[in-house]
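**Q** Here you go, data-v4.tsv (TSV, C-alpha atoms):
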chain	number	residue	atom	x	y	z
A	344	MET	CA	79.65	124.89	72.24
A	345	SER	CA	78.49	121.41	73.10
A	346	ASP	CA	74.96	120.91	74.29
A	347	MET	CA	76.10	118.35	76.94
A	348	PRO	CA	75.57	119.57	80.49
A	349	MET	CA	78.69	120.42	82.46
A	350	ALA	CA	79.25	118.35	85.66
A	351	THR	CA	79.34	120.53	88.71
A	352	ALA	CA	80.47	119.87	92.25
A	353	GLY	CA	76.92	119.36	93.45
A	354	THR	CA	75.85	117.05	90.63
A	355	PRO	CA	75.25	113.44	91.84
A	356	ARG	CA	77.34	110.72	90.24
A	357	PRO	CA	75.63	108.46	87.70
A	358	ALA	CA	74.09	105.22	89.07
A	359	HIS	CA	76.28	102.97	86.94
A	360	ASP	CA	79.45	104.53	88.46
A	361	ARG	CA	78.18	103.88	91.97
A	362	ASP	CA	77.33	100.26	91.05
A	363	ALA	CA	80.81	99.79	89.58
A	364	ASN	CA	82.47	101.08	92.74
A	365	VAL	CA	80.33	98.80	94.90
A	366	ALA	CA	81.24	95.83	92.71
A	367	VAL	CA	84.94	96.66	93.00
A	368	ARG	CA	84.74	96.92	96.78
A	369	LEU	CA	82.82	93.64	97.03
A	370	GLY	CA	85.38	91.96	94.79
A	371	ARG	CA	88.25	93.15	96.97
A	372	ARG	CA	86.43	91.99	100.09
A	373	ARG	CA	85.80	88.56	98.59
A	374	ARG	CA	89.44	88.21	97.62
A	375	ARG	CA	90.58	89.16	101.13
A	376	ILE	CA	88.19	86.65	102.71
A	377	ASP	CA	89.31	84.01	100.20
A	378	ARG	CA	92.96	84.60	101.09
A	379	VAL	CA	92.22	84.40	104.82
A	380	LEU	CA	90.26	81.17	104.48
A	381	ALA	CA	92.90	79.68	102.19
A	382	GLY	CA	95.53	80.59	104.77
A	383	PHE	CA	93.57	78.80	107.49
A	384	CYS	CA	93.25	75.74	105.24
A	385	TRP	CA	96.99	75.71	104.58
A	386	LEU	CA	97.68	76.14	108.29
A	387	ALA	CA	95.38	73.25	109.20
A	388	MET	CA	97.01	71.06	106.53
A	389	LEU	CA	100.50	71.90	107.79
A	390	ILE	CA	99.51	71.13	111.39
A	391	ALA	CA	98.02	67.77	110.35
A	392	LEU	CA	101.07	66.90	108.24
A	393	ALA	CA	103.41	67.92	111.05
A	394	ALA	CA	101.57	65.71	113.53
A	395	LEU	CA	101.56	62.79	111.09
A	396	ALA	CA	105.22	63.29	110.24
A	397	SER	CA	106.20	63.42	113.92
A	398	ILE	CA	104.37	60.16	114.58
A	399	LEU	CA	105.98	58.42	111.62
A	400	VAL	CA	109.45	59.74	112.40
A	401	THR	CA	109.17	58.63	116.03
A	402	LEU	CA	107.88	55.22	114.95
A	403	VAL	CA	110.63	54.68	112.38
A	404	TRP	CA	113.36	56.03	114.68
A	405	ASN	CA	112.44	53.69	117.54
A	406	GLY	CA	111.33	50.74	115.42
A	407	LEU	CA	114.19	50.41	112.97
A	408	GLY	CA	116.70	50.12	115.79
A	409	GLY	CA	115.24	46.77	116.83
A	410	MET	CA	114.48	45.42	113.36
A	411	ARG	CA	116.37	42.21	112.75
A	412	LEU	CA	115.76	38.89	111.03
A	413	SER	CA	114.98	37.05	114.25
A	414	VAL	CA	111.96	39.31	114.78
A	415	LEU	CA	110.33	37.69	111.76
A	416	THR	CA	111.58	34.15	112.30
A	417	GLU	CA	111.32	33.54	116.07
A	418	VAL	CA	108.38	33.46	118.45
A	419	THR	CA	108.00	35.60	121.54
A	420	LYS	CA	110.28	34.55	124.37
A	421	PRO	CA	110.98	35.54	128.00
A	422	PRO	CA	112.86	38.82	128.61
A	423	GLY	CA	116.52	38.74	127.63
A	424	SER	CA	116.09	35.76	125.27
A	425	HIS	CA	116.10	37.89	122.09
A	426	GLY	CA	112.79	36.52	120.90
A	427	GLY	CA	110.77	37.64	117.91
A	428	LEU	CA	107.21	38.33	116.87
A	429	LEU	CA	106.52	35.50	114.43
A	430	ASN	CA	103.58	34.04	116.35
A	431	ALA	CA	102.08	37.51	116.87
A	432	ILE	CA	102.47	38.40	113.19
A	433	VAL	CA	100.86	35.17	111.99
A	434	GLY	CA	98.09	35.45	114.59
A	435	SER	CA	97.28	39.01	113.52
A	436	LEU	CA	97.26	38.05	109.84
A	437	MET	CA	94.95	35.11	110.45
A	438	GLN	CA	92.50	36.94	112.68
A	439	SER	CA	92.41	40.09	110.55
A	440	ALA	CA	91.99	38.12	107.33
A	441	ILE	CA	89.23	35.87	108.69
A	442	GLY	CA	87.48	38.80	110.36
A	443	THR	CA	87.58	40.75	107.09
A	444	LEU	CA	86.33	37.75	105.10
A	445	ILE	CA	83.40	37.36	107.49
A	446	GLY	CA	82.50	41.02	107.85
A	447	THR	CA	82.99	42.26	104.27
A	448	PRO	CA	80.23	40.21	102.54
A	449	ILE	CA	77.77	41.04	105.32
A	450	GLY	CA	78.58	44.74	105.16
A	451	LEU	CA	78.43	44.72	101.36
A	452	LEU	CA	74.99	43.09	101.30
A	453	VAL	CA	73.60	45.35	104.04
A	454	GLY	CA	74.93	48.47	102.29
A	455	THR	CA	73.40	47.28	99.02
A	456	TYR	CA	70.06	46.68	100.73
A	457	LEU	CA	70.04	50.16	102.26
A	458	SER	CA	70.92	51.83	98.96
A	459	GLU	CA	68.94	49.81	96.44
A	460	TYR	CA	65.99	48.26	98.25
A	461	ALA	CA	65.23	50.12	101.49
A	462	ALA	CA	65.80	53.78	100.61
A	463	GLY	CA	63.42	55.83	102.76
A	464	SER	CA	61.74	52.83	104.40
A	465	ALA	CA	61.27	52.51	108.16
A	466	LEU	CA	63.25	49.26	108.27
A	467	GLY	CA	66.06	50.80	106.24
A	468	ASN	CA	66.25	53.81	108.56
A	469	ALA	CA	66.36	51.51	111.59
A	470	VAL	CA	69.14	49.37	110.09
A	471	ARG	CA	71.08	52.49	109.11
A	472	PHE	CA	70.75	53.90	112.63
A	473	VAL	CA	71.99	50.68	114.22
A	474	SER	CA	74.90	50.55	111.77
A	475	ASP	CA	75.89	54.14	112.56
A	476	VAL	CA	75.71	53.44	116.30
A	477	LEU	CA	77.86	50.36	115.81
A	478	LEU	CA	80.33	52.39	113.74
A	479	SER	CA	80.86	54.88	116.54
A	480	ALA	CA	80.77	52.37	119.41
A	481	PRO	CA	84.02	51.89	121.36
A	482	SER	CA	85.79	48.72	120.29
A	483	ILE	CA	86.02	47.52	123.88
A	484	LEU	CA	82.24	47.16	123.90
A	485	ILE	CA	82.48	44.89	120.87
A	486	GLY	CA	85.01	42.79	122.76
A	487	LEU	CA	82.73	42.53	125.79
A	488	PHE	CA	79.81	41.61	123.53
A	489	ILE	CA	81.73	38.74	121.90
A	490	TYR	CA	83.07	37.73	125.32
A	491	VAL	CA	79.52	37.26	126.63
A	492	LEU	CA	78.24	35.74	123.41
A	493	VAL	CA	81.10	33.37	122.53
A	494	VAL	CA	83.88	33.20	125.12
A	495	GLU	CA	81.78	32.46	128.21
A	496	PRO	CA	79.56	29.81	126.57
A	497	SER	CA	82.57	28.08	124.99
A	498	GLY	CA	84.46	28.08	128.26
A	499	GLY	CA	87.64	29.84	127.14
A	500	PHE	CA	89.36	32.38	124.96
A	501	SER	CA	89.95	31.50	121.31
A	502	GLY	CA	91.09	32.83	117.98
A	503	ILE	CA	87.58	32.30	116.62
A	504	ALA	CA	86.20	34.76	119.14
A	505	GLY	CA	88.86	37.27	118.08
A	506	CYS	CA	87.91	36.83	114.42
A	507	LEU	CA	84.24	37.42	115.23
A	508	ALA	CA	85.05	40.57	117.22
A	509	LEU	CA	87.06	41.97	114.30
A	510	ALA	CA	84.28	41.01	111.88
A	511	VAL	CA	81.78	43.05	113.90
A	512	LEU	CA	84.11	46.04	113.59
A	513	VAL	CA	84.44	45.56	109.83
A	514	ILE	CA	80.70	45.40	109.10
A	515	PRO	CA	79.58	49.00	109.82
A	516	ILE	CA	82.52	50.52	107.94
A	517	VAL	CA	81.77	48.49	104.82
A	518	VAL	CA	78.04	49.19	105.19
A	519	ARG	CA	78.53	52.94	105.27
A	520	THR	CA	81.01	53.14	102.38
A	521	THR	CA	79.02	50.73	100.20
A	522	GLU	CA	75.77	52.63	100.70
A	523	ASP	CA	77.41	56.00	100.06
A	524	MET	CA	79.22	54.82	96.93
A	525	LEU	CA	76.13	53.16	95.44
A	526	ARG	CA	74.08	56.29	96.03
A	527	LEU	CA	76.55	58.25	93.94
A	528	ILE	CA	75.79	56.08	90.90
A	529	PRO	CA	73.46	58.04	88.56
A	530	THR	CA	69.91	56.71	88.28
A	531	SER	CA	70.20	56.95	84.50
A	532	LEU	CA	72.88	54.24	84.58
A	533	ARG	CA	70.51	51.87	86.34
A	534	GLU	CA	67.67	52.76	83.98
A	535	ALA	CA	69.87	52.13	80.95
A	536	ALA	CA	70.72	48.64	82.19
A	537	MET	CA	67.10	47.83	82.98
A	538	ALA	CA	66.01	49.16	79.58
A	539	LEU	CA	68.21	46.48	78.00
A	540	GLY	CA	66.25	43.84	79.92
A	541	ALA	CA	68.67	43.25	82.81
A	542	PRO	CA	66.99	42.31	86.10
A	543	LYS	CA	67.68	44.46	89.12
A	544	TRP	CA	70.18	42.09	90.73
A	545	LYS	CA	72.24	41.97	87.53
A	546	THR	CA	72.13	45.75	87.29
A	547	ILE	CA	73.50	46.00	90.82
A	548	VAL	CA	76.19	43.35	90.40
A	549	PHE	CA	77.43	44.11	86.89
A	550	VAL	CA	76.81	47.86	86.65
A	551	CYS	CA	76.58	49.49	90.08
A	552	TYR	CA	79.29	47.43	91.76
A	553	ARG	CA	81.70	48.06	88.89
A	554	ALA	CA	81.01	51.78	88.89
A	555	ALA	CA	81.45	51.99	92.69
A	556	ARG	CA	84.36	49.54	92.87
A	557	ASP	CA	87.04	52.04	93.90
A	558	GLY	CA	84.95	53.45	96.74
A	559	ILE	CA	83.94	50.03	98.03
A	560	VAL	CA	87.55	48.82	97.98
A	561	THR	CA	88.56	51.96	99.85
A	562	GLY	CA	85.99	51.15	102.54
A	563	ILE	CA	87.32	47.61	102.87
A	564	LEU	CA	90.88	48.94	103.19
A	565	LEU	CA	89.74	51.36	105.89
A	566	ALA	CA	88.15	48.45	107.74
A	567	ILE	CA	91.35	46.40	107.49
A	568	ALA	CA	93.40	49.35	108.71
A	569	ARG	CA	91.15	49.69	111.74
A	570	VAL	CA	91.01	46.03	112.77
A	571	ALA	CA	94.75	45.55	112.20
A	572	GLY	CA	95.52	47.79	115.15
A	573	GLU	CA	92.66	46.93	117.51
A	574	THR	CA	93.73	45.74	120.94
A	575	ALA	CA	90.73	45.95	123.28
A	576	PRO	CA	88.47	43.44	121.45
A	577	LEU	CA	91.27	40.87	121.29
A	578	LEU	CA	92.02	41.18	125.01
A	579	PHE	CA	88.52	39.90	125.73
A	580	THR	CA	88.40	37.27	122.98
A	581	SER	CA	91.68	35.72	121.76
A	582	LEU	CA	93.61	37.02	124.82
A	583	GLY	CA	97.11	36.30	123.46
A	584	ASN	CA	99.58	33.45	123.47
A	585	LEU	CA	103.35	33.53	123.98
A	586	ASN	CA	103.73	30.18	122.21
A	587	TRP	CA	103.39	29.23	118.55
A	588	SER	CA	99.78	28.29	117.81
A	589	LEU	CA	97.64	28.13	114.68
A	590	ASP	CA	94.66	26.58	116.47
A	591	LEU	CA	91.73	28.98	116.27
A	592	THR	CA	89.96	27.17	119.09
A	593	LYS	CA	92.67	28.19	121.58
A	594	PRO	CA	94.09	31.56	122.70
A	595	MET	CA	96.01	33.16	119.85
A	596	SER	CA	98.69	35.80	119.80
A	597	SER	CA	98.36	39.06	117.88
A	598	LEU	CA	100.55	42.09	117.27
A	599	PRO	CA	98.28	44.68	118.97
A	600	VAL	CA	98.00	42.63	122.17
A	601	THR	CA	101.74	41.90	122.16
A	602	ILE	CA	102.50	45.60	121.70
A	603	TYR	CA	100.16	46.42	124.58
A	604	GLN	CA	101.84	43.88	126.83
A	605	TYR	CA	105.41	44.75	125.84
A	606	ALA	CA	105.12	48.55	125.73
A	607	GLY	CA	104.46	48.78	129.46
A	608	SER	CA	107.15	46.28	130.36
A	609	ALA	CA	110.22	47.10	132.45
A	610	PHE	CA	112.46	45.12	130.09
A	611	GLU	CA	114.31	46.99	127.37
A	612	ASP	CA	114.14	44.22	124.78
A	613	TRP	CA	110.37	43.88	125.17
A	614	VAL	CA	109.87	47.63	124.80
A	615	GLN	CA	112.02	47.54	121.66
A	616	LEU	CA	109.90	44.70	120.25
A	617	ALA	CA	106.79	46.76	120.94
A	618	TRP	CA	108.17	49.58	118.74
A	619	VAL	CA	109.07	47.06	116.05
A	620	GLY	CA	105.57	45.59	116.15
A	621	ALA	CA	104.00	49.04	115.79
A	622	LEU	CA	106.26	49.74	112.82
A	623	LEU	CA	105.29	46.42	111.21
A	624	ILE	CA	101.57	47.16	111.53
A	625	THR	CA	102.00	50.61	110.03
A	626	ALA	CA	104.15	49.35	107.18
A	627	GLY	CA	101.77	46.48	106.48
A	628	VAL	CA	98.69	48.69	106.27
A	629	LEU	CA	100.56	51.20	104.10
A	630	ALA	CA	101.81	48.47	101.74
A	631	LEU	CA	98.31	46.99	101.47
A	632	ASN	CA	96.84	50.36	100.53
A	633	ILE	CA	99.54	51.04	97.95
A	634	LEU	CA	99.14	47.62	96.33
A	635	ALA	CA	95.35	47.87	96.20
A	636	ARG	CA	95.48	51.37	94.71
A	637	SER	CA	98.04	50.30	92.12
A	638	ALA	CA	95.97	47.27	91.12
A	639	LEU	CA	92.82	49.35	90.75
A	640	ARG	CA	94.66	51.97	88.71
A	641	ARG	CA	96.04	49.36	86.32
A	642	ARG	CA	92.60	47.83	85.84
A	643	THR	CA	91.10	51.23	85.19
Please render this file's structure as structure tokens.
**A**
Amino acid sequence: MSDMPMATAGTPRPAHDRDANVAVRLGRRRRRIDRVLAGFCWLAMLIALAALASILVTLVWNGLGGMRLSVLTEVTKPPGSHGGLLNAIVGSLMQSAIGTLIGTPIGLLVGTYLSEYAAGSALGNAVRFVSDVLLSAPSILIGLFIYVLVVEPSGGFSGIAGCLALAVLVIPIVVRTTEDMLRLIPTSLREAAMALGAPKWKTIVFVCYRAARDGIVTGILLAIARVAGETAPLLFTSLGNLNWSLDLTKPMSSLPVTIYQYAGSAFEDWVQLAWVGALLITAGVLALNILARSALRRRT
């Protein structure tokens, strides 16, 4: 007979068996929780995609019906005259481009300062706080600020005031993305450049900027996407103009303001033009993002 003790009904189970059973139960519980959380994530994604798809379908359905060549070749006209949006398109392009050109370098330099020179300093914290407040401030406040600062002293609305309002909106977005992207650059990369004798400014320009290029460009694109559809700041600055005008010192038309004016109109053709204008803004921002991403991918 074997000398091994026989297990009886009252004999406690070995400790390693109990530990194995506990591990199995915990594993099953983790898998159930993982499936539940994954289900919630999928549900949230489907809800977001459904909302986005409904917006795009509505925009395309209502906008394509009024899309014609005259929309791109004729200026806005009185109701029933079958006018276009040429002056509004050109005005939006000019103001958005100039606002981006003004705000991007300022935001880039401020973000670089916060990341590379003022990390943890009292001044850096104060600048970061102001930038974050400006990022979350309603755009209508920016319009009122430029109205008091530029429009009233100059004695009238102007495209320049609209460009400045859009530039103020661009700055905090570029500041935040630039600072965040530069902070993701490993310190060892900076140290390697400095070990080769490169001064700090060259390390930032030729090493850090190149490493963070994709993120910085993404921030600039986000800023363009925001200012391209802003209406409230332009109502207080460039106001709008139904006539053809490229003079930045006078009131200038823009697509967001035209959409705002036409969407609430009682005239069918103006409402249709408002849908077409919204479709043009969406398509323009989407095309800009696709082109920028493609260019960056090819360079990489």
**Q** Neighbouring residues of region 592-604 of chain A were defined as those with any atom within 10 Å, considering all atoms listed in the file; residues of the same chain fewer than 6 positions away were excluded. Please report them as a PyMOL selection string.
**A** chain A and resi 419+428-439+497+499-505+570-578+580-586+613-621+623-624
**Q** Grab the CA of Leu415 (chain A) to CA of Ala635 (chain A) distance for me, in Å with one decimal place.
**A**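 Taking CA of Leu415 (chain A) as the start and CA of Ala635 (chain A) as the end point, the length is 23.9 Å.
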**Q** Suppose you want the space between CA of Arg553 (chain A) and CA of Ala538 (chain A); what is it in Å?
**A** 18.3 Å
**Q** Using only C-alpha atoms, which residue out of A:Ile516, A:Leu622, A:Ile559, A:Val494 lies closest to Leu399 (chain A)?
**A**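 So, comparing all the options, the nearest one is A:Leu622.
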**Q** Select, from A:Gly454, A:Gly382, A:Gly408, A:Pro422, the residue with the minimum atom-to-atom distance to Ile547 (chain A), counting all atoms listed in the file.
**A** A:Gly454
**Q** Here is a test: counting only C-alpha atoms, which residue of A:Thr561, A:Ser413, A:Thr520, A:Ser479 is nearest to Val453 (chain A)?
**A**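 Looking only at the distances to Val453 (chain A), the closest residue turns out to be A:Thr520.
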**Q** Just to confirm, what's the straight-line distance from CA of Leu402 (chain A) to CA of Gly442 (chain A) in Å (one decimal)?
**A**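 Here the two named atoms are 26.6 Å from each other.
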